[in-house]
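Chemist: I'm passing along target.cif; it holds mmCIF, N, CA and C atoms.
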```cif
data_final
loop_
_atom_site.label_atom_id
_atom_site.label_comp_id
_atom_site.auth_asym_id
_atom_site.auth_seq_id
_atom_site.Cartn_x
_atom_site.Cartn_y
_atom_site.Cartn_z
N MET A 1 0.85 -1.16 0.00
CA MET A 1 0.00 0.00 0.00
C MET A 1 0.90 1.23 0.00
N ILE A 2 0.62 2.15 -0.89
CA ILE A 2 1.47 3.33 -1.04
C ILE A 2 0.62 4.59 -1.06
N PHE A 3 1.06 5.59 -0.30
CA PHE A 3 0.54 6.94 -0.38
C PHE A 3 1.71 7.79 -0.85
N CYS A 4 1.55 8.43 -1.99
CA CYS A 4 2.65 9.18 -2.59
C CYS A 4 2.19 10.61 -2.88
N ASN A 5 3.01 11.56 -2.48
CA ASN A 5 2.74 12.97 -2.77
C ASN A 5 3.84 13.47 -3.69
N ILE A 6 3.45 14.05 -4.80
CA ILE A 6 4.41 14.59 -5.76
C ILE A 6 4.14 16.08 -5.91
N LYS A 7 5.19 16.88 -5.72
CA LYS A 7 5.08 18.33 -5.88
C LYS A 7 5.86 18.73 -7.12
N PHE A 8 5.19 19.47 -8.00
CA PHE A 8 5.79 19.92 -9.24
C PHE A 8 6.22 21.38 -9.09
N PRO A 9 7.18 21.84 -9.90
CA PRO A 9 7.68 23.22 -9.79
C PRO A 9 6.60 24.28 -9.98
N ASP A 10 5.56 23.99 -10.76
CA ASP A 10 4.52 24.99 -11.05
C ASP A 10 3.40 24.99 -10.00
N GLU A 11 3.70 24.49 -8.81
CA GLU A 11 2.78 24.44 -7.67
C GLU A 11 1.64 23.44 -7.84
N VAL A 12 1.74 22.55 -8.81
CA VAL A 12 0.77 21.47 -8.97
C VAL A 12 1.19 20.33 -8.02
N ILE A 13 0.21 19.75 -7.35
CA ILE A 13 0.47 18.66 -6.42
C ILE A 13 -0.35 17.45 -6.84
N ALA A 14 0.28 16.27 -6.83
CA ALA A 14 -0.42 15.02 -7.12
C ALA A 14 -0.36 14.14 -5.88
N ASN A 15 -1.49 13.57 -5.50
CA ASN A 15 -1.57 12.63 -4.39
C ASN A 15 -2.02 11.29 -4.94
N LEU A 16 -1.22 10.26 -4.73
CA LEU A 16 -1.52 8.94 -5.25
C LEU A 16 -1.77 7.97 -4.10
N HIS A 17 -2.75 7.12 -4.26
CA HIS A 17 -3.01 6.03 -3.32
C HIS A 17 -3.06 4.75 -4.16
N ILE A 18 -2.11 3.88 -3.91
CA ILE A 18 -2.01 2.65 -4.70
C ILE A 18 -2.00 1.46 -3.74
N SER A 19 -2.86 0.49 -4.00
CA SER A 19 -2.92 -0.68 -3.14
C SER A 19 -3.45 -1.88 -3.90
N TRP A 20 -2.72 -2.96 -3.82
CA TRP A 20 -3.21 -4.23 -4.37
C TRP A 20 -4.03 -4.97 -3.32
N LEU A 21 -3.97 -4.51 -2.07
CA LEU A 21 -4.68 -5.19 -0.98
C LEU A 21 -6.05 -4.60 -0.71
N ASP A 22 -6.29 -3.38 -1.14
CA ASP A 22 -7.56 -2.72 -0.89
C ASP A 22 -8.70 -3.55 -1.48
N PRO A 23 -9.74 -3.84 -0.70
CA PRO A 23 -10.84 -4.65 -1.22
C PRO A 23 -11.69 -3.92 -2.26
N HIS A 24 -11.53 -2.61 -2.38
CA HIS A 24 -12.30 -1.84 -3.37
C HIS A 24 -11.43 -1.61 -4.59
N LYS A 25 -11.77 -2.25 -5.69
CA LYS A 25 -11.00 -2.08 -6.92
C LYS A 25 -11.39 -0.75 -7.56
N GLU A 26 -10.45 0.18 -7.56
CA GLU A 26 -10.70 1.49 -8.14
C GLU A 26 -9.59 1.87 -9.10
N ARG A 27 -9.99 2.52 -10.15
CA ARG A 27 -9.06 3.15 -11.09
C ARG A 27 -9.65 4.51 -11.37
N LYS A 28 -9.34 5.45 -10.49
CA LYS A 28 -9.98 6.75 -10.55
C LYS A 28 -8.93 7.85 -10.48
N ILE A 29 -9.12 8.85 -11.32
CA ILE A 29 -8.26 10.03 -11.31
C ILE A 29 -9.15 11.25 -11.10
N THR A 30 -8.79 12.07 -10.13
CA THR A 30 -9.51 13.31 -9.86
C THR A 30 -8.55 14.46 -10.07
N ILE A 31 -8.94 15.42 -10.88
CA ILE A 31 -8.13 16.61 -11.12
C ILE A 31 -8.93 17.80 -10.63
N VAL A 32 -8.35 18.56 -9.71
CA VAL A 32 -9.01 19.73 -9.14
C VAL A 32 -8.33 20.97 -9.67
N GLY A 33 -9.07 21.78 -10.39
CA GLY A 33 -8.55 23.03 -10.93
C GLY A 33 -9.14 24.21 -10.20
N LYS A 34 -8.78 25.40 -10.63
CA LYS A 34 -9.28 26.62 -10.00
C LYS A 34 -10.76 26.84 -10.28
N LYS A 35 -11.23 26.39 -11.45
CA LYS A 35 -12.62 26.66 -11.83
C LYS A 35 -13.49 25.41 -11.88
N LYS A 36 -12.88 24.25 -12.21
CA LYS A 36 -13.67 23.03 -12.34
C LYS A 36 -12.90 21.83 -11.80
N MET A 37 -13.61 20.71 -11.69
CA MET A 37 -13.01 19.44 -11.26
C MET A 37 -13.38 18.38 -12.28
N LEU A 38 -12.45 17.47 -12.51
CA LEU A 38 -12.68 16.39 -13.46
C LEU A 38 -12.42 15.08 -12.74
N VAL A 39 -13.32 14.12 -12.92
CA VAL A 39 -13.14 12.78 -12.36
C VAL A 39 -13.25 11.78 -13.49
N PHE A 40 -12.21 10.96 -13.66
CA PHE A 40 -12.23 9.86 -14.61
C PHE A 40 -12.23 8.57 -13.81
N ASP A 41 -13.28 7.77 -13.98
CA ASP A 41 -13.43 6.50 -13.27
C ASP A 41 -13.43 5.37 -14.29
N ASP A 42 -12.30 4.71 -14.43
CA ASP A 42 -12.16 3.67 -15.44
C ASP A 42 -12.98 2.42 -15.12
N MET A 43 -13.40 2.26 -13.87
CA MET A 43 -14.19 1.09 -13.49
C MET A 43 -15.69 1.30 -13.73
N ALA A 44 -16.10 2.52 -13.98
CA ALA A 44 -17.52 2.81 -14.21
C ALA A 44 -17.96 2.23 -15.55
N SER A 45 -19.14 1.64 -15.57
CA SER A 45 -19.64 1.06 -16.82
C SER A 45 -20.19 2.15 -17.75
N SER A 46 -20.64 3.25 -17.18
CA SER A 46 -21.08 4.40 -17.97
C SER A 46 -20.63 5.66 -17.25
N GLU A 47 -20.67 6.76 -17.94
CA GLU A 47 -20.25 8.04 -17.37
C GLU A 47 -18.86 7.95 -16.73
N LYS A 48 -17.89 7.45 -17.51
CA LYS A 48 -16.52 7.33 -17.02
C LYS A 48 -15.89 8.67 -16.70
N LEU A 49 -16.33 9.71 -17.40
CA LEU A 49 -15.76 11.03 -17.24
C LEU A 49 -16.85 11.99 -16.77
N ARG A 50 -16.56 12.72 -15.70
CA ARG A 50 -17.49 13.73 -15.18
C ARG A 50 -16.73 15.02 -14.94
N ILE A 51 -17.31 16.12 -15.38
CA ILE A 51 -16.72 17.44 -15.18
C ILE A 51 -17.67 18.22 -14.28
N TYR A 52 -17.15 18.64 -13.14
CA TYR A 52 -17.94 19.35 -12.14
C TYR A 52 -17.60 20.83 -12.18
N ASP A 53 -18.62 21.67 -12.30
CA ASP A 53 -18.44 23.11 -12.20
C ASP A 53 -18.55 23.45 -10.72
N LYS A 54 -17.44 23.23 -10.01
CA LYS A 54 -17.46 23.36 -8.56
C LYS A 54 -16.14 23.96 -8.11
N GLY A 55 -16.21 24.85 -7.14
CA GLY A 55 -14.98 25.44 -6.65
C GLY A 55 -15.24 26.45 -5.56
N VAL A 56 -14.21 27.23 -5.28
CA VAL A 56 -14.27 28.27 -4.28
C VAL A 56 -13.85 29.58 -4.92
N ASP A 57 -14.67 30.58 -4.78
CA ASP A 57 -14.32 31.92 -5.27
C ASP A 57 -13.88 32.76 -4.08
N VAL A 58 -12.78 33.48 -4.24
CA VAL A 58 -12.25 34.33 -3.19
C VAL A 58 -12.60 35.78 -3.52
N GLY A 59 -13.34 36.40 -2.62
CA GLY A 59 -13.73 37.79 -2.82
C GLY A 59 -12.58 38.75 -2.56
N GLU A 60 -12.62 39.89 -3.23
CA GLU A 60 -11.56 40.89 -3.05
C GLU A 60 -11.82 41.76 -1.83
N GLU A 61 -13.06 42.04 -1.55
CA GLU A 61 -13.41 42.87 -0.40
C GLU A 61 -14.29 42.06 0.55
N TYR A 62 -13.89 42.03 1.83
CA TYR A 62 -14.66 41.27 2.80
C TYR A 62 -14.36 41.79 4.21
N LEU A 63 -15.30 41.52 5.12
CA LEU A 63 -15.15 41.97 6.50
C LEU A 63 -14.51 40.91 7.38
N SER A 64 -14.74 39.63 7.06
CA SER A 64 -14.16 38.55 7.85
C SER A 64 -13.70 37.44 6.91
N PHE A 65 -12.91 36.52 7.44
CA PHE A 65 -12.41 35.40 6.63
C PHE A 65 -13.57 34.58 6.05
N ALA A 66 -14.60 34.37 6.87
CA ALA A 66 -15.76 33.59 6.41
C ALA A 66 -16.44 34.24 5.22
N ASP A 67 -16.43 35.57 5.18
CA ASP A 67 -17.04 36.30 4.07
C ASP A 67 -16.18 36.28 2.81
N SER A 68 -14.91 35.95 2.96
CA SER A 68 -13.99 36.02 1.82
C SER A 68 -14.15 34.85 0.86
N LEU A 69 -14.71 33.74 1.31
CA LEU A 69 -14.84 32.54 0.48
C LEU A 69 -16.29 32.28 0.12
N THR A 70 -16.53 32.00 -1.16
CA THR A 70 -17.86 31.65 -1.63
C THR A 70 -17.79 30.31 -2.34
N LEU A 71 -18.53 29.33 -1.82
CA LEU A 71 -18.57 28.02 -2.47
C LEU A 71 -19.45 28.09 -3.70
N ARG A 72 -18.96 27.50 -4.80
CA ARG A 72 -19.69 27.51 -6.05
C ARG A 72 -19.93 26.07 -6.48
N SER A 73 -21.18 25.72 -6.75
CA SER A 73 -21.53 24.38 -7.19
C SER A 73 -22.49 24.49 -8.36
N GLY A 74 -21.99 24.16 -9.56
CA GLY A 74 -22.80 24.28 -10.77
C GLY A 74 -23.14 22.92 -11.35
N ASP A 75 -23.20 22.88 -12.67
CA ASP A 75 -23.59 21.67 -13.38
C ASP A 75 -22.51 20.59 -13.36
N VAL A 76 -22.97 19.37 -13.58
CA VAL A 76 -22.08 18.23 -13.79
C VAL A 76 -22.30 17.76 -15.22
N VAL A 77 -21.22 17.68 -16.00
CA VAL A 77 -21.29 17.26 -17.39
C VAL A 77 -20.57 15.93 -17.53
N SER A 78 -21.16 15.03 -18.28
CA SER A 78 -20.55 13.72 -18.48
C SER A 78 -20.43 13.43 -19.98
N PRO A 79 -19.33 13.88 -20.60
CA PRO A 79 -19.14 13.62 -22.02
C PRO A 79 -18.93 12.13 -22.30
N ALA A 80 -19.33 11.70 -23.48
CA ALA A 80 -19.18 10.29 -23.85
C ALA A 80 -17.70 9.94 -24.02
N VAL A 81 -17.31 8.77 -23.50
CA VAL A 81 -15.95 8.25 -23.65
C VAL A 81 -16.07 6.85 -24.24
N ALA A 82 -15.41 6.64 -25.38
CA ALA A 82 -15.48 5.33 -26.04
C ALA A 82 -14.83 4.26 -25.16
N MET A 83 -15.49 3.11 -25.10
CA MET A 83 -14.95 1.98 -24.33
C MET A 83 -13.92 1.25 -25.19
N GLU A 84 -12.66 1.32 -24.79
CA GLU A 84 -11.58 0.64 -25.49
C GLU A 84 -10.65 0.01 -24.48
N GLU A 85 -10.00 -1.07 -24.89
CA GLU A 85 -8.98 -1.68 -24.04
C GLU A 85 -7.71 -0.83 -24.16
N PRO A 86 -7.24 -0.23 -23.05
CA PRO A 86 -6.10 0.70 -23.12
C PRO A 86 -4.83 0.10 -23.71
N LEU A 87 -4.48 -1.13 -23.32
CA LEU A 87 -3.26 -1.73 -23.83
C LEU A 87 -3.35 -1.98 -25.34
N ARG A 88 -4.52 -2.42 -25.81
CA ARG A 88 -4.71 -2.64 -27.25
C ARG A 88 -4.56 -1.32 -28.01
N ARG A 89 -5.18 -0.27 -27.48
CA ARG A 89 -5.09 1.04 -28.12
C ARG A 89 -3.65 1.53 -28.18
N GLU A 90 -2.90 1.35 -27.09
CA GLU A 90 -1.50 1.76 -27.03
C GLU A 90 -0.66 0.98 -28.05
N CYS A 91 -0.90 -0.32 -28.14
CA CYS A 91 -0.16 -1.15 -29.10
C CYS A 91 -0.47 -0.75 -30.55
N LEU A 92 -1.73 -0.49 -30.85
CA LEU A 92 -2.11 -0.07 -32.20
C LEU A 92 -1.46 1.27 -32.55
N HIS A 93 -1.41 2.18 -31.59
CA HIS A 93 -0.76 3.47 -31.79
C HIS A 93 0.74 3.29 -32.06
N PHE A 94 1.37 2.41 -31.31
CA PHE A 94 2.80 2.13 -31.48
C PHE A 94 3.08 1.58 -32.89
N VAL A 95 2.28 0.62 -33.31
CA VAL A 95 2.44 0.04 -34.65
C VAL A 95 2.22 1.09 -35.73
N ASP A 96 1.20 1.95 -35.55
CA ASP A 96 0.92 3.01 -36.50
C ASP A 96 2.10 3.98 -36.60
N CYS A 97 2.72 4.31 -35.48
CA CYS A 97 3.88 5.20 -35.48
C CYS A 97 5.05 4.58 -36.25
N ILE A 98 5.26 3.31 -36.08
CA ILE A 98 6.35 2.63 -36.80
C ILE A 98 6.05 2.59 -38.30
N ARG A 99 4.84 2.22 -38.65
CA ARG A 99 4.48 2.11 -40.07
C ARG A 99 4.52 3.44 -40.81
N HIS A 100 4.13 4.52 -40.13
CA HIS A 100 4.01 5.82 -40.80
C HIS A 100 5.05 6.84 -40.33
N ASN A 101 6.08 6.35 -39.62
CA ASN A 101 7.18 7.19 -39.16
C ASN A 101 6.66 8.42 -38.40
N LYS A 102 5.72 8.18 -37.47
CA LYS A 102 5.11 9.26 -36.68
C LYS A 102 5.77 9.33 -35.31
N GLU A 103 5.66 10.49 -34.69
CA GLU A 103 6.12 10.67 -33.31
C GLU A 103 5.04 10.13 -32.37
N PRO A 104 5.39 9.22 -31.45
CA PRO A 104 4.37 8.68 -30.53
C PRO A 104 3.90 9.73 -29.52
N LEU A 105 2.68 9.54 -29.03
CA LEU A 105 2.15 10.44 -28.01
C LEU A 105 3.01 10.40 -26.75
N SER A 106 3.50 9.24 -26.40
CA SER A 106 4.40 9.07 -25.24
C SER A 106 5.78 8.76 -25.76
N SER A 107 6.69 9.72 -25.62
CA SER A 107 8.03 9.55 -26.17
C SER A 107 8.92 8.77 -25.20
N GLY A 108 10.08 8.39 -25.69
CA GLY A 108 11.06 7.69 -24.86
C GLY A 108 11.52 8.56 -23.70
N SER A 109 11.65 9.88 -23.93
CA SER A 109 12.08 10.77 -22.84
C SER A 109 11.01 10.87 -21.76
N GLU A 110 9.74 10.82 -22.14
CA GLU A 110 8.67 10.81 -21.14
C GLU A 110 8.68 9.50 -20.35
N GLY A 111 8.97 8.42 -21.04
CA GLY A 111 9.10 7.12 -20.36
C GLY A 111 10.23 7.15 -19.35
N LEU A 112 11.34 7.79 -19.71
CA LEU A 112 12.48 7.92 -18.80
C LEU A 112 12.10 8.75 -17.57
N GLU A 113 11.30 9.81 -17.76
CA GLU A 113 10.84 10.62 -16.63
C GLU A 113 9.97 9.80 -15.69
N VAL A 114 9.11 8.94 -16.25
CA VAL A 114 8.28 8.07 -15.43
C VAL A 114 9.16 7.15 -14.59
N LEU A 115 10.19 6.58 -15.21
CA LEU A 115 11.11 5.71 -14.48
C LEU A 115 11.83 6.46 -13.36
N ARG A 116 12.20 7.71 -13.61
CA ARG A 116 12.85 8.51 -12.56
C ARG A 116 11.92 8.73 -11.36
N VAL A 117 10.65 8.98 -11.65
CA VAL A 117 9.68 9.17 -10.57
C VAL A 117 9.49 7.87 -9.80
N LEU A 118 9.40 6.75 -10.50
CA LEU A 118 9.25 5.45 -9.83
C LEU A 118 10.47 5.11 -8.98
N GLU A 119 11.65 5.42 -9.50
CA GLU A 119 12.88 5.18 -8.75
C GLU A 119 12.92 6.06 -7.49
N ALA A 120 12.52 7.32 -7.62
CA ALA A 120 12.48 8.21 -6.45
C ALA A 120 11.48 7.69 -5.42
N GLY A 121 10.35 7.18 -5.89
CA GLY A 121 9.37 6.60 -4.99
C GLY A 121 9.93 5.40 -4.24
N GLN A 122 10.70 4.57 -4.93
CA GLN A 122 11.32 3.41 -4.30
C GLN A 122 12.34 3.85 -3.24
N LYS A 123 13.13 4.88 -3.57
CA LYS A 123 14.12 5.40 -2.61
C LYS A 123 13.42 5.96 -1.37
N SER A 124 12.31 6.68 -1.59
CA SER A 124 11.55 7.22 -0.47
C SER A 124 10.99 6.10 0.40
N LEU A 125 10.47 5.07 -0.24
CA LEU A 125 9.93 3.92 0.49
C LEU A 125 11.01 3.27 1.35
N GLU A 126 12.19 3.09 0.77
CA GLU A 126 13.31 2.47 1.49
C GLU A 126 13.81 3.36 2.62
N ALA A 127 13.57 4.68 2.52
CA ALA A 127 14.01 5.62 3.55
C ALA A 127 12.88 5.95 4.52
N GLY A 128 11.87 5.11 4.57
CA GLY A 128 10.78 5.29 5.53
C GLY A 128 9.84 6.43 5.19
N GLY A 129 9.77 6.79 3.90
CA GLY A 129 8.86 7.84 3.47
C GLY A 129 9.49 9.20 3.39
N ALA A 130 10.80 9.27 3.51
CA ALA A 130 11.49 10.57 3.41
C ALA A 130 11.34 11.14 2.00
N PRO A 131 11.17 12.46 1.88
CA PRO A 131 11.05 13.07 0.55
C PRO A 131 12.32 12.86 -0.28
N VAL A 132 12.14 12.66 -1.57
CA VAL A 132 13.25 12.52 -2.51
C VAL A 132 13.07 13.57 -3.58
N ARG A 133 14.09 14.39 -3.76
CA ARG A 133 14.04 15.48 -4.74
C ARG A 133 14.56 15.02 -6.09
N LEU A 134 13.86 15.40 -7.14
CA LEU A 134 14.32 15.08 -8.50
C LEU A 134 14.85 16.33 -9.17
#
```
In structure tokens, what does this structure look like?

Modeler:
Amino acid sequence: MIFCNIKFPDEVIANLHISWLDPHKERKITIVGKKKMLVFDDMASSEKLRIYDKGVDVGEEYLSFADSLTLRSGDVVSPAVAMEEPLRRECLHFVDCIRHNKEPLSSGSEGLEVLRVLEAGQKSLEAGGAPVRL
């Protein structure tokens, strides 16, 4: 079971929870932005993608801290997402790139960056959860 926090230079933070032991099989990604939130649930049979118009607006003029924040909750949109096997799609894309001399969506340098992050995670795990800087 792993809880991993990744901080990026542009102030973006990623929190990962990975477990092969968890009795709830989930493959879910939540992205929280300043104006909206996106949830992709790969285990959902329908509505795999949901976009929430939800957030917090900070007022410029206010008398107290409580008055400075306004919760905003709008519509939820669920665009259609085609059901495809991810590994099959990735393999077809790879073959297409070879056949037509195209640049792949995921380059070798991006793959190397993923390996660096995984290696840093392993070092952190071995150090009892100590942060590892890349």

Chemist: On this structure, which residues satisfy the PyMOL selection byres (((chain A and resi 20-37 and name CA) around 10) and name CA), written as a PyMOL selection string?

Modeler: chain A and resi 1-2+12-16+18-19+38-44+48-57+72-74+76

Chemist: Based on the backbone DSSP call, show me all residues of chain A assigned helix (DSSP H, G or I), as a ChimeraX atom specification.

Modeler: /A:65-68,86-100,108-126

Chemist: Quick one, how far is atom N of A:Val132 from atom N of A:Glu11?

Modeler: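 Rounded to one decimal, the two atoms are 16.2 Å apart.
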
Chemist: Rounded to one decimal place, report the atom C of A:Arg89-atom CA of A:Ser46 distance in Å.

Modeler: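 So the answer is 20.4 Å.
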
Chemist: Hey, can you check how far atom CA of A:Pro104 sits from atom CA of A:Arg116?

Modeler: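 Between atom CA of A:Pro104 and atom CA of A:Arg116 the gap is 19.9 Å.
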
Chemist: Which residues come within 8 Å of A:Leu69, counting all atoms listed in the file, excluding same-chain residues fewer than 5 positions away, as a PyMOL selection string?

Modeler: chain A and resi 56-60+62+64

Chemist: For the strand (DSSP E or B) assignment from backbone DSSP, which residues of chain A qualify? Please present them as a PyMOL selection string.

Modeler: chain A and resi 2-7+13-18+28-32+37-41+49-58+69-77

Chemist: Using all atoms listed in the file, give me every residue within 8 Å of (5.8, 3.0, 3.8) in file coordinates, as a list in words.

Modeler: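 Residues found, by chain and rising number: Met1, Ile2, Phe3, Ser124, Leu125, Glu126, Ala127, Gly128 and Gly129 of chain A.
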